[in-house]
Amino acid sequence: MKLSAREESLQIPNYSLTGDLLSYMRCARQYRYQNGSALPPARPVQLWFGEFVHGVMELAFTLWRANPKFQTFPWPETTIEWKDRDKNLGLADNDIGEIGRRVENTLAVQGKSARNAAARLSAYKRVSQAINLVGPHLFPLVEYAEEPLTGSRTLPASPQTLRAHRYGLTGVVDVLTAIKMSTVPASNLIRAAIESELKAQGIQAPNEYEVIVDYKGAARPQVGEPYWRQHEWQIQTYAWLRQRKPEAKKVVAGILLYINELLPNEDDMNRISKALHAGTLANAPAKGTPDFNTLNLWKPGVSSANLSEGFRIQRALRVVPVTDASVAQSLSAFDNVVLDIETSSSGSRTATMRPPATRATSSRRVPTHSIRQAVISRPRRWPLEPRRARCALTQSRTQHFAKCVNCALAAISFGAHCTCRRAPPLLEKMRTQICARPAFSRPRSFSDCCRQRTDGVLDHGRASVWRRVAGAPRR
């Protein structure tokens, strides 16, 4: 009797919209190391802030819905010092300080904490603004919170052999709102912003529709920046996943709530002021208004409290209209991202890592030092300024170190991702993270390098590692 060979089981890769696709688009090399090797991912600075914002907003909505007496705004906000975060101070359940304390303790159990006291205080102030300014308009519209979405799509055609012809796509919507014209007052800021944007796009809103809301613990990107487009693709893909559920109503728009715009810090104010002068600022205030004068004449040290609440809310709310064409374009873009991950031998989760190609002009062979030898062979004196030094491994003079500090687990520790391009292959062998593309502004000092606001920048605790390995004097 002849038995047929057993067919291999079909494996459908599953991708998270934010954890996989957006992470890969931000930095492909970092994604490959974290998902294709045993190298543990470094904790980004923004990780705690983003989860803190989501946790506080979700808990605040839960309290608002459960207790009618909490449906009156503004809510009290009590500043809880770091030393008192584990104590029950007897505050009201809807006190924003108490809500933040509970979320902060939950994150601390997971090993996540604020970078420093200033970052912690800033997070509390920003979520307070989000609850008291946006909460009265958003909470009454919420139908679901933290709604999971799943779906599957066909991979584009490829000349290479793929492990599957489809892939799974998952995501979690922060807030799903249902708007009915007869029940939502026209004075509601969410409804007004959506109808205004749809009217500007020539789209007629139905009598009843759904809106996807996504919290962003970041500043609003400028039009044309990569994050501007990626955030729009995220909303469009969420809309497609939501429409696949039988109980779903028509999704006409999505709202991105940029929490940082509700209380801009000095860096945010500087960025907004420059965009106003360049004529690229979205929702720019009219000339002669107090907001225009504040931004036009802004100097370091001027508080952002001089900006009106209306302008800050307008900056924080970004409406993304959802149409069949925009959804198809976004899905096609993410299909290509998944195909790139699947077909890249170094990008696949199950592939073997390969060292990056070195510059053709480099004829010098890379020494095969061990990690210990690399540390010992560093220069005797290592200045605090990381852009004027010698390569820790090749001892060659560099012009400056990589501007991108996304993947700086060991790149910044050894100070080796330099313009000589001889050290990265060695660091690749040592399973260190080197970003494939330089980006962002050059840090003036190591402290700036640690605190530089980039997506995926490492936590401030790496400072001691950098100084210890690179031999920099302690401050």
# chains A, B, ... in the order shown; residues from 1 in each chain; ligands from 1
>>> residues_around(residues="range 77-83 of chain A", least_positions_apart="6", cutoff="10 Å", atoms="only C-alpha atoms", output="list of chain:residue names")
A:Leu89, A:Leu91, A:Ala92, A:Asn94, A:Asp95, A:Ile96, A:Gly97, A:Glu98, A:Ile99, A:Gly100, A:Arg101, A:Asn116, A:Ala117, A:Arg120, A:Leu121, A:Tyr124, A:Lys125, A:Ser128, A:Gln129, A:Asn132
>>> closest_atom_pairs(of="range 68-175 of chain A", to="range 16-38 of chain A", cutoff="8 Å", atoms="only C-alpha atoms", output="JSON lines")
{"residue": "A:Leu169", "atom": "CA", "partner": "A:Ser16", "partner_atom": "CA", "distance": 5.8}
{"residue": "A:Thr170", "atom": "CA", "partner": "A:Ser16", "partner_atom": "CA", "distance": 4.9}
{"residue": "A:Gly171", "atom": "CA", "partner": "A:Leu17", "partner_atom": "CA", "distance": 5.5}
>>> write_last_selection(atoms="C-alpha atoms", output="mmCIF file, in the first residue's frame")
data_model
loop_
_atom_site.group_PDB
_atom_site.id
_atom_site.type_symbol
_atom_site.label_atom_id
_atom_site.label_comp_id
_atom_site.auth_asym_id
_atom_site.auth_seq_id
_atom_site.Cartn_x
_atom_site.Cartn_y
_atom_site.Cartn_z
ATOM 1 C CA LEU A 169 -3.837 41.436 11.193
ATOM 2 C CA THR A 170 -4.767 42.465 14.731
ATOM 3 C CA GLY A 171 -5.260 45.753 16.501
#
>>> closest_residue(among="A:Gly217, A:Pro290, A:Pro76, A:Gly151", to="Tyr15 in chain A", atoms="only C-alpha atoms")
A:Gly151
